[in-house]
$ cat input-v6.csv   # CSV, C-alpha atoms
chain,number,residue,atom,x,y,z
A,1,MET,CA,84.5,-6.8,-20.0
A,2,ARG,CA,81.2,-7.8,-21.5
A,3,ALA,CA,78.2,-9.2,-19.6
A,4,PRO,CA,77.4,-12.9,-19.8
A,5,SER,CA,74.0,-12.3,-21.5
A,6,ASP,CA,76.0,-10.4,-24.1
A,7,SER,CA,78.9,-12.8,-24.6
A,8,ASP,CA,77.3,-16.2,-23.8
A,9,PRO,CA,74.1,-16.9,-25.8
A,10,ARG,CA,74.2,-20.5,-24.6
A,11,LEU,CA,73.8,-19.4,-21.0
A,12,ALA,CA,70.9,-17.2,-21.9
A,13,ALA,CA,69.3,-20.0,-23.8
A,14,ARG,CA,69.7,-22.4,-20.9
A,15,LEU,CA,68.3,-20.0,-18.3
A,16,SER,CA,65.4,-19.2,-20.6
A,17,ARG,CA,64.7,-22.9,-21.1
A,18,LEU,CA,64.9,-23.5,-17.3
A,19,LEU,CA,62.3,-20.7,-16.7
A,20,LEU,CA,60.1,-22.1,-19.5
A,21,VAL,CA,60.2,-25.6,-18.1
A,22,GLY,CA,59.2,-24.4,-14.6
A,23,LEU,CA,56.5,-22.2,-16.1
A,24,SER,CA,55.1,-25.0,-18.4
A,25,LEU,CA,55.1,-27.5,-15.5
A,26,ALA,CA,53.2,-25.1,-13.3
A,27,VAL,CA,50.7,-24.3,-16.0
A,28,LEU,CA,50.2,-28.0,-16.7
A,29,LEU,CA,49.5,-28.8,-13.1
A,30,LEU,CA,47.2,-25.7,-12.6
A,31,LEU,CA,45.2,-26.6,-15.8
A,32,THR,CA,44.9,-30.2,-14.6
A,33,GLY,CA,43.5,-28.9,-11.4
A,34,VAL,CA,41.0,-26.7,-13.3
A,35,VAL,CA,39.9,-29.8,-15.4
A,36,LEU,CA,39.5,-31.9,-12.2
A,37,THR,CA,37.4,-29.1,-10.6
A,38,LEU,CA,35.0,-29.2,-13.6
A,39,VAL,CA,34.9,-33.1,-13.6
A,40,LYS,CA,34.6,-33.5,-9.8
A,41,PRO,CA,32.5,-30.6,-8.5
A,42,GLY,CA,32.3,-30.3,-4.8
A,43,VAL,CA,35.8,-31.8,-4.1
A,44,PRO,CA,38.0,-29.4,-2.0
A,45,VAL,CA,40.2,-27.1,-4.2
A,46,SER,CA,42.8,-26.6,-1.5
A,47,VAL,CA,44.9,-29.0,0.7
A,48,SER,CA,44.9,-28.4,4.4
A,49,SER,CA,48.6,-29.0,4.9
A,50,LEU,CA,51.7,-29.7,2.8
A,51,GLY,CA,51.7,-33.2,4.4
A,52,GLY,CA,48.4,-33.9,2.7
A,53,LEU,CA,49.7,-33.0,-0.7
A,54,PRO,CA,50.9,-36.5,-1.9
A,55,GLY,CA,47.5,-38.1,-0.8
A,56,ALA,CA,45.6,-35.4,-2.6
A,57,LEU,CA,47.6,-36.0,-5.8
A,58,VAL,CA,47.1,-39.7,-5.6
A,59,ALA,CA,43.3,-39.2,-5.1
A,60,LEU,CA,43.3,-36.8,-8.1
A,61,GLU,CA,41.9,-34.0,-6.0
A,62,PRO,CA,42.0,-30.6,-7.7
A,63,GLY,CA,43.6,-29.0,-4.6
A,64,GLY,CA,46.6,-31.2,-4.8
A,65,PHE,CA,47.3,-30.1,-8.4
A,66,PHE,CA,46.6,-26.5,-7.6
A,67,ASP,CA,49.0,-26.5,-4.6
A,68,LEU,CA,51.8,-28.4,-6.5
A,69,GLY,CA,51.4,-26.1,-9.5
A,70,LEU,CA,51.7,-23.0,-7.2
A,71,LEU,CA,54.7,-24.5,-5.4
A,72,VAL,CA,56.5,-25.2,-8.8
A,73,LEU,CA,55.8,-21.6,-9.8
A,74,LEU,CA,57.2,-20.3,-6.6
A,75,ALA,CA,60.3,-22.5,-6.8
A,76,THR,CA,61.2,-21.4,-10.4
A,77,PRO,CA,62.9,-18.1,-9.6
A,78,ALA,CA,64.9,-19.8,-6.8
A,79,ALA,CA,66.0,-22.5,-9.3
A,80,ARG,CA,67.1,-19.8,-11.7
A,81,VAL,CA,69.3,-18.2,-9.0
A,82,VAL,CA,70.9,-21.6,-8.4
A,83,ALA,CA,71.5,-22.1,-12.1
A,84,LEU,CA,73.0,-18.6,-12.4
A,85,LEU,CA,75.3,-19.3,-9.4
A,86,VAL,CA,76.6,-22.5,-11.0
A,87,ALA,CA,77.1,-20.7,-14.3
A,88,PHE,CA,79.0,-17.9,-12.7
A,89,ALA,CA,81.2,-20.4,-10.7
A,90,ARG,CA,82.0,-22.4,-13.9
A,91,ARG,CA,83.2,-19.2,-15.5
A,92,ARG,CA,85.2,-18.4,-12.4
A,93,LEU,CA,83.2,-15.2,-11.9
A,94,TRP,CA,83.5,-15.5,-8.2
A,95,LEU,CA,82.2,-12.1,-7.3
A,96,PHE,CA,78.9,-12.7,-9.2
A,97,SER,CA,78.8,-16.3,-7.9
A,98,GLY,CA,79.1,-14.9,-4.4
A,99,VAL,CA,76.3,-12.4,-4.9
A,100,SER,CA,74.0,-15.2,-6.2
A,101,LEU,CA,74.9,-17.2,-3.1
A,102,ILE,CA,73.9,-14.2,-0.9
A,103,VAL,CA,70.6,-14.1,-2.6
A,104,LEU,CA,70.0,-17.8,-1.9
A,105,VAL,CA,70.9,-17.4,1.7
A,106,VAL,CA,68.6,-14.4,2.2
A,107,LEU,CA,65.8,-16.3,0.5
A,108,ALA,CA,66.3,-19.3,2.8
A,109,LEU,CA,66.6,-17.0,5.9
A,110,SER,CA,63.4,-15.2,4.8
A,111,LEU,CA,61.5,-18.4,4.5
A,112,PHE,CA,62.8,-19.7,7.8
A,113,LEU,CA,61.9,-16.6,9.7
A,114,GLY,CA,58.6,-16.2,8.0
A,115,LEU,CA,57.6,-19.8,8.8
A,116,ARG,CA,58.6,-19.2,12.4
A,117,GLY,CA,56.4,-16.2,12.5
A,118,ALA,CA,59.2,-13.9,13.4
B,1,MET,CA,23.8,-24.2,-14.2
B,2,GLY,CA,22.7,-22.7,-10.9
B,3,CYS,CA,22.9,-19.0,-9.9
B,4,ASP,CA,25.7,-19.6,-7.4
B,5,SER,CA,27.8,-21.5,-9.9
B,6,LEU,CA,27.2,-18.9,-12.5
B,7,GLN,CA,28.3,-16.2,-10.1
B,8,GLY,CA,31.3,-18.3,-9.2
B,9,MET,CA,32.2,-18.7,-12.9
B,10,THR,CA,31.8,-15.0,-13.5
B,11,GLN,CA,34.1,-14.2,-10.6
B,12,VAL,CA,36.8,-16.7,-11.8
B,13,ILE,CA,36.6,-15.1,-15.3
B,14,LEU,CA,36.9,-11.6,-13.8
B,15,LEU,CA,39.9,-12.7,-11.8
B,16,ALA,CA,41.6,-14.1,-14.9
B,17,VAL,CA,40.9,-10.8,-16.8
B,18,VAL,CA,42.4,-8.8,-14.0
B,19,GLY,CA,45.5,-11.0,-14.1
B,20,PHE,CA,45.6,-10.7,-17.9
B,21,VAL,CA,45.6,-6.9,-17.9
B,22,GLY,CA,48.1,-6.7,-15.0
B,23,GLY,CA,50.4,-9.2,-16.7
B,24,THR,CA,50.3,-7.5,-20.1
B,25,PHE,CA,51.1,-4.0,-18.9
B,26,GLY,CA,53.3,-5.2,-16.1
B,27,SER,CA,55.6,-7.2,-18.4
B,28,MET,CA,55.7,-4.4,-21.0
B,29,VAL,CA,57.1,-1.9,-18.5
B,30,GLY,CA,59.0,-4.1,-16.1
B,31,LEU,CA,56.5,-4.2,-13.3
B,32,GLY,CA,55.2,-7.3,-11.6
B,33,GLY,CA,51.5,-6.4,-12.0
B,34,GLY,CA,50.8,-6.2,-8.3
B,35,VAL,CA,50.2,-2.5,-8.4
B,36,PHE,CA,47.2,-3.2,-10.7
B,37,ILE,CA,46.1,-6.4,-9.2
B,38,ILE,CA,45.9,-5.7,-5.4
B,39,PRO,CA,43.7,-2.5,-5.7
B,40,VAL,CA,41.3,-4.1,-8.3
B,41,LEU,CA,40.9,-7.4,-6.3
B,42,THR,CA,40.2,-5.6,-3.0
B,43,LEU,CA,38.2,-2.7,-4.4
B,44,PHE,CA,36.0,-4.3,-7.1
B,45,LEU,CA,36.0,-8.0,-6.3
B,46,ASP,CA,35.9,-7.9,-2.5
B,47,VAL,CA,38.9,-10.2,-2.0
B,48,PRO,CA,40.4,-10.0,1.5
B,49,ILE,CA,43.6,-8.0,1.6
B,50,HIS,CA,45.9,-10.9,2.7
B,51,ASN,CA,44.5,-13.2,0.0
B,52,ALA,CA,44.9,-10.4,-2.5
B,53,ILE,CA,48.6,-9.9,-1.5
B,54,ALA,CA,49.2,-13.6,-1.7
B,55,ALA,CA,47.7,-13.8,-5.2
B,56,SER,CA,49.6,-10.7,-6.2
B,57,LEU,CA,52.9,-12.2,-5.1
B,58,ALA,CA,52.2,-15.3,-7.1
B,59,ALA,CA,51.2,-13.1,-10.0
B,60,VAL,CA,54.5,-11.1,-9.7
B,61,ILE,CA,56.5,-14.4,-10.0
B,62,ALA,CA,54.3,-15.5,-12.9
B,63,THR,CA,54.8,-12.1,-14.7
B,64,SER,CA,58.5,-12.1,-14.0
B,65,THR,CA,59.1,-15.7,-15.2
B,66,THR,CA,56.9,-15.4,-18.3
B,67,GLY,CA,58.5,-12.2,-19.4
B,68,SER,CA,62.0,-13.3,-18.6
B,69,VAL,CA,61.7,-16.4,-20.8
B,70,THR,CA,61.6,-14.1,-23.8
B,71,TYR,CA,63.9,-11.3,-22.4
B,72,VAL,CA,66.7,-13.6,-21.3
B,73,ARG,CA,66.6,-15.6,-24.6
B,74,GLN,CA,66.8,-12.4,-26.6
B,75,GLU,CA,69.8,-11.4,-24.4
B,76,LEU,CA,68.1,-8.1,-23.3
B,77,THR,CA,68.6,-9.0,-19.6
B,78,ASN,CA,71.8,-7.9,-17.8
B,79,LEU,CA,72.4,-11.0,-15.7
B,80,ARG,CA,75.3,-9.7,-13.7
B,81,LEU,CA,73.5,-6.5,-12.8
B,82,GLY,CA,70.4,-8.4,-12.0
B,83,ALA,CA,72.3,-10.8,-9.7
B,84,THR,CA,74.0,-7.8,-8.0
B,85,MET,CA,70.8,-5.8,-7.4
B,86,GLU,CA,68.9,-8.9,-6.2
B,87,THR,CA,71.1,-9.0,-3.1
B,88,ALA,CA,69.7,-5.6,-2.1
B,89,LEU,CA,66.1,-6.4,-3.2
B,90,THR,CA,66.0,-9.6,-1.2
B,91,VAL,CA,67.6,-8.1,1.9
B,92,GLY,CA,65.1,-5.2,1.6
B,93,ALA,CA,62.2,-7.7,1.2
B,94,LEU,CA,63.3,-9.6,4.3
B,95,ALA,CA,63.6,-6.4,6.3
B,96,GLY,CA,60.2,-5.2,5.0
B,97,GLY,CA,58.5,-8.4,6.1
B,98,LEU,CA,60.1,-8.3,9.6
B,99,VAL,CA,59.7,-4.7,10.5
B,100,GLY,CA,56.5,-4.2,8.6
B,101,ALA,CA,54.4,-4.0,11.7
B,102,LEU,CA,56.6,-1.2,13.1
B,103,LEU,CA,56.1,1.2,10.1
B,104,GLY,CA,53.0,3.1,9.3
B,105,LYS,CA,51.7,2.3,5.8
B,106,GLU,CA,50.2,5.8,5.6
B,107,VAL,CA,53.7,7.4,6.1
B,108,LEU,CA,55.2,5.1,3.6
B,109,SER,CA,52.4,5.7,1.1
B,110,ALA,CA,52.9,9.5,1.4
B,111,VAL,CA,56.6,9.4,1.0
B,112,PHE,CA,56.6,7.0,-1.9
B,113,GLY,CA,53.7,8.8,-3.5
B,114,ALA,CA,55.5,12.1,-3.4
B,115,VAL,CA,58.7,10.5,-4.8
B,116,MET,CA,56.8,8.8,-7.5
B,117,VAL,CA,55.0,12.0,-8.6
B,118,ALA,CA,58.4,13.6,-9.0
B,119,VAL,CA,59.8,10.6,-10.9
B,120,SER,CA,56.8,10.3,-13.2
B,121,ILE,CA,56.9,14.0,-14.1
B,122,TYR,CA,60.7,13.7,-14.7
B,123,MET,CA,60.2,10.6,-16.8
B,124,GLY,CA,57.4,12.3,-18.8
B,125,LEU,CA,59.7,15.2,-19.6
B,126,THR,CA,62.7,13.1,-20.6
B,127,ARG,CA,61.0,10.1,-22.2
B,128,ASN,CA,62.4,11.0,-25.7
B,129,ALA,CA,65.8,11.9,-24.4
B,130,ALA,CA,68.5,9.6,-25.8
B,131,PRO,CA,70.9,8.3,-23.1
B,132,ASN,CA,74.6,9.1,-23.6
B,133,TYR,CA,75.9,5.7,-24.7
B,134,PRO,CA,79.7,4.9,-24.7
B,135,ALA,CA,81.6,5.0,-28.0
B,136,GLU,CA,82.3,1.8,-29.9
B,137,GLY,CA,85.2,-0.1,-28.3
B,138,ALA,CA,84.9,1.8,-25.0
B,139,ASP,CA,85.3,-0.2,-21.7
B,140,LEU,CA,81.8,-1.0,-20.4
B,141,GLY,CA,83.0,-2.1,-17.0
B,142,SER,CA,82.1,-5.3,-15.2
B,143,LEU,CA,78.4,-4.6,-15.3
B,144,GLY,CA,78.0,-3.0,-18.7
B,145,ALA,CA,76.4,-4.9,-21.6
B,146,THR,CA,75.4,-4.8,-25.2
B,147,TYR,CA,72.1,-5.9,-26.7
B,148,PHE,CA,70.5,-5.8,-30.2
B,149,ASP,CA,67.6,-3.3,-30.4
B,150,ARG,CA,65.1,-4.5,-33.1
B,151,ASN,CA,63.5,-1.1,-33.4
B,152,LEU,CA,66.8,0.7,-33.9
B,153,ASP,CA,68.2,-2.2,-35.9
B,154,ARG,CA,71.5,-2.0,-34.2
B,155,ASP,CA,73.5,-3.0,-31.1
B,156,VAL,CA,73.0,-0.8,-28.0
B,157,ARG,CA,76.0,-0.6,-25.6
B,158,TYR,CA,75.8,0.9,-22.1
B,159,ARG,CA,77.8,1.3,-18.9
B,160,VAL,CA,76.2,1.0,-15.5
B,161,LYS,CA,76.5,4.2,-13.5
B,162,ARG,CA,75.9,4.8,-9.8
B,163,LEU,CA,75.6,1.2,-8.6
B,164,PRO,CA,75.3,2.4,-5.0
B,165,LEU,CA,72.1,4.3,-6.0
B,166,GLY,CA,70.8,1.1,-7.6
B,167,LEU,CA,71.5,-1.0,-4.5
B,168,PHE,CA,69.9,1.6,-2.2
B,169,THR,CA,66.8,1.7,-4.4
B,170,GLY,CA,66.8,-2.1,-4.4
B,171,LEU,CA,66.8,-2.1,-0.6
B,172,VAL,CA,63.9,0.4,-0.5
B,173,ALA,CA,62.0,-1.4,-3.3
B,174,GLY,CA,62.4,-4.7,-1.7
B,175,ASN,CA,61.2,-3.3,1.6
B,176,VAL,CA,58.0,-2.0,-0.1
B,177,SER,CA,57.6,-5.4,-1.8
B,178,GLY,CA,57.8,-7.1,1.6
B,179,LEU,CA,55.4,-4.7,3.1
B,180,LEU,CA,52.8,-4.4,0.4
B,181,GLY,CA,53.1,-7.5,-1.7
B,182,VAL,CA,54.1,-5.7,-4.9
B,183,GLY,CA,57.2,-6.5,-7.0
B,184,GLY,CA,59.0,-3.2,-6.6
B,185,GLY,CA,59.6,-2.6,-10.3
B,186,PHE,CA,57.8,0.7,-10.2
B,187,MET,CA,60.9,2.0,-8.3
B,188,THR,CA,63.7,0.0,-9.9
B,189,VAL,CA,62.9,0.7,-13.5
B,190,PRO,CA,62.9,4.5,-13.3
B,191,VAL,CA,66.0,4.6,-11.2
B,192,MET,CA,67.8,2.2,-13.5
B,193,ARG,CA,66.8,4.3,-16.5
B,194,LEU,CA,67.3,7.8,-15.1
B,195,GLY,CA,69.9,7.3,-12.4
B,196,MET,CA,72.1,4.4,-13.6
B,197,GLY,CA,72.2,5.2,-17.4
B,198,ILE,CA,70.6,1.9,-18.4
B,199,PRO,CA,68.5,1.9,-21.6
B,200,MET,CA,64.7,1.5,-21.1
B,201,ARG,CA,64.6,-2.0,-22.7
B,202,ALA,CA,67.5,-3.4,-20.6
B,203,ALA,CA,66.0,-1.8,-17.5
B,204,VAL,CA,62.6,-3.4,-18.1
B,205,SER,CA,64.0,-6.9,-18.8
B,206,THR,CA,66.5,-6.9,-16.0
B,207,SER,CA,63.9,-5.6,-13.5
B,208,SER,CA,61.5,-8.2,-14.8
B,209,LEU,CA,64.0,-11.0,-13.9
B,210,MET,CA,64.7,-9.5,-10.4
B,211,LEU,CA,61.0,-9.2,-9.4
B,212,GLY,CA,60.4,-12.9,-9.3
B,213,VAL,CA,63.1,-13.5,-6.7
B,214,THR,CA,62.0,-10.5,-4.7
B,215,ALA,CA,58.4,-11.8,-4.5
B,216,CYS,CA,59.5,-15.4,-3.9
B,217,ALA,CA,60.3,-15.3,-0.2
B,218,GLY,CA,57.0,-13.6,0.7
B,219,ALA,CA,55.0,-15.8,-1.5
B,220,VAL,CA,56.3,-19.0,0.1
B,221,VAL,CA,55.4,-17.7,3.5
B,222,TYR,CA,51.8,-16.8,2.4
B,223,PHE,CA,51.5,-20.2,0.8
B,224,ALA,CA,52.8,-22.1,3.9
B,225,ARG,CA,50.3,-20.1,6.1
B,226,GLY,CA,47.4,-21.1,3.9
B,227,MET,CA,46.7,-17.6,2.7
B,228,MET,CA,47.2,-18.4,-1.0
B,229,ASP,CA,43.6,-19.4,-1.8
B,230,PRO,CA,43.6,-21.4,-5.1
B,231,VAL,CA,40.1,-20.1,-6.0
B,232,ILE,CA,41.5,-16.6,-6.2
B,233,THR,CA,45.2,-17.2,-7.0
B,234,VAL,CA,44.9,-19.7,-9.9
B,235,PRO,CA,42.7,-17.7,-12.2
B,236,VAL,CA,44.8,-14.6,-11.5
B,237,VAL,CA,48.1,-16.5,-12.2
B,238,LEU,CA,46.8,-18.1,-15.4
B,239,GLY,CA,45.5,-14.7,-16.6
B,240,VAL,CA,48.8,-13.1,-15.7
B,241,MET,CA,50.9,-15.7,-17.5
B,242,THR,CA,48.9,-15.2,-20.7
B,243,GLY,CA,49.1,-11.4,-20.4
B,244,ALA,CA,52.8,-11.4,-19.6
B,245,TYR,CA,53.5,-13.6,-22.6
B,246,LEU,CA,51.7,-11.1,-24.8
B,247,GLY,CA,53.3,-8.1,-23.1
B,248,SER,CA,56.8,-9.4,-23.4
B,249,ARG,CA,56.3,-10.0,-27.2
B,250,LEU,CA,54.8,-6.6,-27.6
B,251,ALA,CA,57.5,-4.8,-25.6
B,252,VAL,CA,60.3,-5.8,-28.0
B,253,ARG,CA,58.3,-4.3,-30.9
B,254,VAL,CA,57.3,-1.1,-29.2
B,255,ARG,CA,59.5,2.0,-29.2
B,256,SER,CA,61.3,2.7,-25.9
B,257,SER,CA,59.8,6.2,-25.7
B,258,ILE,CA,56.3,4.6,-25.8
B,259,LEU,CA,57.3,2.2,-23.0
B,260,ALA,CA,58.5,5.2,-21.0
B,261,SER,CA,55.2,7.0,-21.6
B,262,ILE,CA,53.2,4.0,-20.4
B,263,LEU,CA,55.4,3.8,-17.3
B,264,THR,CA,55.0,7.5,-16.7
B,265,VAL,CA,51.2,7.2,-16.7
B,266,VAL,CA,51.2,4.1,-14.5
B,267,LEU,CA,53.6,5.7,-12.0
B,268,PHE,CA,51.5,8.9,-11.8
B,269,ALA,CA,48.3,6.9,-11.2
B,270,LEU,CA,49.9,4.8,-8.6
B,271,ALA,CA,51.4,7.9,-6.9
B,272,VAL,CA,48.0,9.5,-6.7
B,273,GLN,CA,46.6,6.3,-5.2
B,274,MET,CA,49.3,6.1,-2.6
B,275,ILE,CA,48.9,9.8,-1.6
B,276,LEU,CA,45.1,9.4,-1.3
B,277,ALA,CA,45.7,6.3,0.8
B,278,SER,CA,48.0,8.2,3.1
B,279,ALA,CA,45.4,10.9,3.5
B,280,GLY,CA,42.8,8.4,4.6
B,281,PHE,CA,41.1,7.9,1.3
B,282,SER,CA,42.0,4.3,1.0
B,283,LEU,CA,41.3,2.7,-2.3
B,284,ARG,CA,41.6,-0.7,-0.7
$ encode --input "input-v6.csv" --output "structure tokens"
Amino acid sequence: MRAPSDSDPRLAARLSRLLLVGLSLAVLLLLTGVVLTLVKPGVPVSVSSLGGLPGALVALEPGGFFDLGLLVLLATPAARVVALLVAFARRRLWLFSGVSLIVLVVLALSLFLGLRGA
Amino acid sequence: MGCDSLQGMTQVILLAVVGFVGGTFGSMVGLGGGVFIIPVLTLFLDVPIHNAIAASLAAVIATSTTGSVTYVRQELTNLRLGATMETALTVGALAGGLVGALLGKEVLSAVFGAVMVAVSIYMGLTRNAAPNYPAEGADLGSLGATYFDRNLDRDVRYRVKRLPLGLFTGLVAGNVSGLLGVGGGFMTVPVMRLGMGIPMRAAVSTSSLMLGVTACAGAVVYFARGMMDPVITVPVVLGVMTGAYLGSRLAVRVRSSILASILTVVLFALAVQMILASAGFSLR
């Protein structure tokens, strides 16, 4: 049996593209924040809470773009795991689909416990 | 431009340079870059440890993602093996985060430092040794794979051996990642290469993919708790992305024995740092 990266160049290309899109979006947002910092000196470069993010983006505050850019960067590996889970499931590779699901559950659990301060 | 703003600009440029160096070498040898970034930020740029760890975790994700864009497209990454080992890495990272307060970092540093000295010496001695690849047509198992090696100008086929060893290493590496904010590639790459029979190039690219997920959970927690300071994290991340892009391009053109040599030196330096830290000579 051969591995999917070996036998399925389309899957490899799709995953690579997904990572590139996430990365490019994050870079675009972070660079927008850098430009806004130079254009608007003295404006806060971080948002106090996630709830304040939409307002900061609408007001073109650098902090809004920095935080959203970092969030997109952080979400990209998780999105890749979801894409791989779906790809394995479509190929009826249930064992590998299952291990990808376990990774997602552990990520969610980790986030939940971390946010609770456990 | 005032003195303060000039100092601030210099600091931002230095942070980006640190990220660039960490990203370049990290992606070349399958590390996240955190092992370079955290000591430099805390020792030389006076960044508080929690902010340094948060920036490092974001940098690990950036290195992993940037490198993997190239590695995955070139089909060097073993996706099945990566998915399998990620289960152990993420469970280890979760455990590391939860029980971190119960474990002495000095003890961990001493143990891992000693193990890494042994691994780096062994890697140094065997860096030119050619792995025993299966014959053409032989069964590669459910985790084995084939990739094209540009340097060798031929396909390289390999079986994955001793998966339990890899899973155990993943648990430990994930634990260290959760505790210290590094990626864990400094443990997974040597074990994948030496213990599991995976060629250096495939070990580096598969490890690179796994590190992003390992760092993800911890990074989100730091972000949500407001410890990911954009003034520190953004220059580091942008520097890391640039360096990791360069590193992943260089890695596929450099001989595997050279990659192994770089990793040997990096591991030895890190091992010395960890042993010194355990003896009270903290470099942080």
$ interface_residues --input "input-v6.csv" --of "chain B" --to "chain A" --cutoff "8 Å" --atoms "only C-alpha atoms" --output "number ranges by chain"
B: 58, 61-62, 65-66, 68-70, 72-80, 83-84, 86-87, 90-91, 94, 98, 139-147, 212-213, 216-221, 224-226, 229-231, 234, 238
$ atom_distance --input "input-v6.csv" --atom1 "atom CA of Gly195 of chain B" --atom2 "atom CA of Gly170 of chain B"
12.7 Å
$ residues_around --input "input-v6.csv" --residues "Ile38 of chain B" --least-positions-apart "4" --cutoff "7 Å" --atoms "all atoms listed in the file" --output "ChimeraX atom specification"
/B:34,42,52-53,56
$ closest_residue --input "input-v6.csv" --among "B:Leu179, B:Val18, B:Val237, B:Leu267" --to "Gly92 of chain B" --atoms "only C-alpha atoms"
B:Leu179
$ residues_around --input "input-v6.csv" --residues "Ser177 of chain B" --least-positions-apart "2" --cutoff "9 Å" --atoms "all atoms listed in the file" --output "NGL selection string"
:B and (57 or 89 or 92-93 or 96-97 or 172-175 or 179-184 or 214-215 or 218)
$ residues_around --input "input-v6.csv" --residues "Ser207 of chain B" --least-positions-apart "2" --cutoff "9 Å" --atoms "all atoms listed in the file" --output "PDB file with C-alpha atoms, in the coordinates of the input"
ATOM      1  CA  GLY B  30      59.000  -4.100 -16.100  1.00  0.00           C
ATOM      2  CA  LEU B  31      56.500  -4.200 -13.300  1.00  0.00           C
ATOM      3  CA  SER B  64      58.500 -12.100 -14.000  1.00  0.00           C
ATOM      4  CA  THR B  77      68.600  -9.000 -19.600  1.00  0.00           C
ATOM      5  CA  GLY B  82      70.400  -8.400 -12.000  1.00  0.00           C
ATOM      6  CA  GLY B 184      59.000  -3.200  -6.600  1.00  0.00           C
ATOM      7  CA  GLY B 185      59.600  -2.600 -10.300  1.00  0.00           C
ATOM      8  CA  THR B 188      63.700   0.000  -9.900  1.00  0.00           C
ATOM      9  CA  VAL B 189      62.900   0.700 -13.500  1.00  0.00           C
ATOM     10  CA  MET B 192      67.800   2.200 -13.500  1.00  0.00           C
ATOM     11  CA  ALA B 202      67.500  -3.400 -20.600  1.00  0.00           C
ATOM     12  CA  ALA B 203      66.000  -1.800 -17.500  1.00  0.00           C
ATOM     13  CA  VAL B 204      62.600  -3.400 -18.100  1.00  0.00           C
ATOM     14  CA  SER B 205      64.000  -6.900 -18.800  1.00  0.00           C
ATOM     15  CA  LEU B 209      64.000 -11.000 -13.900  1.00  0.00           C
ATOM     16  CA  MET B 210      64.700  -9.500 -10.400  1.00  0.00           C
ATOM     17  CA  LEU B 211      61.000  -9.200  -9.400  1.00  0.00           C
TER      18      LEU B 211
END
$ atom_distance --input "input-v6.csv" --atom1 "atom CA of Thr233 of chain B" --atom2 "atom CA of Leu263 of chain B"
25.5 Å
$ atom_distance --input "input-v6.csv" --atom1 "atom CA of Val160 of chain B" --atom2 "atom CA of Met196 of chain B"
5.7 Å
$ residues_around --input "input-v6.csv" --residues "Leu167 of chain B" --least-positions-apart "2" --cutoff "8 Å" --atoms "only C-alpha atoms" --output "list in words"
Met85, Ala88, Leu89, Leu163, Pro164, Leu165, Thr169, Gly170 and Leu171 of chain B
$ residues_around --input "input-v6.csv" --residues "Val254 of chain B" --least-positions-apart "2" --cutoff "12 Å" --atoms "all atoms listed in the file" --output "tab-separated table (two decimals) with C-alpha atoms, in the frame of the given file"
chain	number	residue	atom	x	y	z
B	28	MET	CA	55.70	-4.40	-21.00
B	29	VAL	CA	57.10	-1.90	-18.50
B	149	ASP	CA	67.60	-3.30	-30.40
B	150	ARG	CA	65.10	-4.50	-33.10
B	151	ASN	CA	63.50	-1.10	-33.40
B	152	LEU	CA	66.80	0.70	-33.90
B	200	MET	CA	64.70	1.50	-21.10
B	201	ARG	CA	64.60	-2.00	-22.70
B	247	GLY	CA	53.30	-8.10	-23.10
B	248	SER	CA	56.80	-9.40	-23.40
B	249	ARG	CA	56.30	-10.00	-27.20
B	250	LEU	CA	54.80	-6.60	-27.60
B	251	ALA	CA	57.50	-4.80	-25.60
B	252	VAL	CA	60.30	-5.80	-28.00
B	256	SER	CA	61.30	2.70	-25.90
B	257	SER	CA	59.80	6.20	-25.70
B	258	ILE	CA	56.30	4.60	-25.80
B	259	LEU	CA	57.30	2.20	-23.00
B	260	ALA	CA	58.50	5.20	-21.00
B	261	SER	CA	55.20	7.00	-21.60
B	262	ILE	CA	53.20	4.00	-20.40
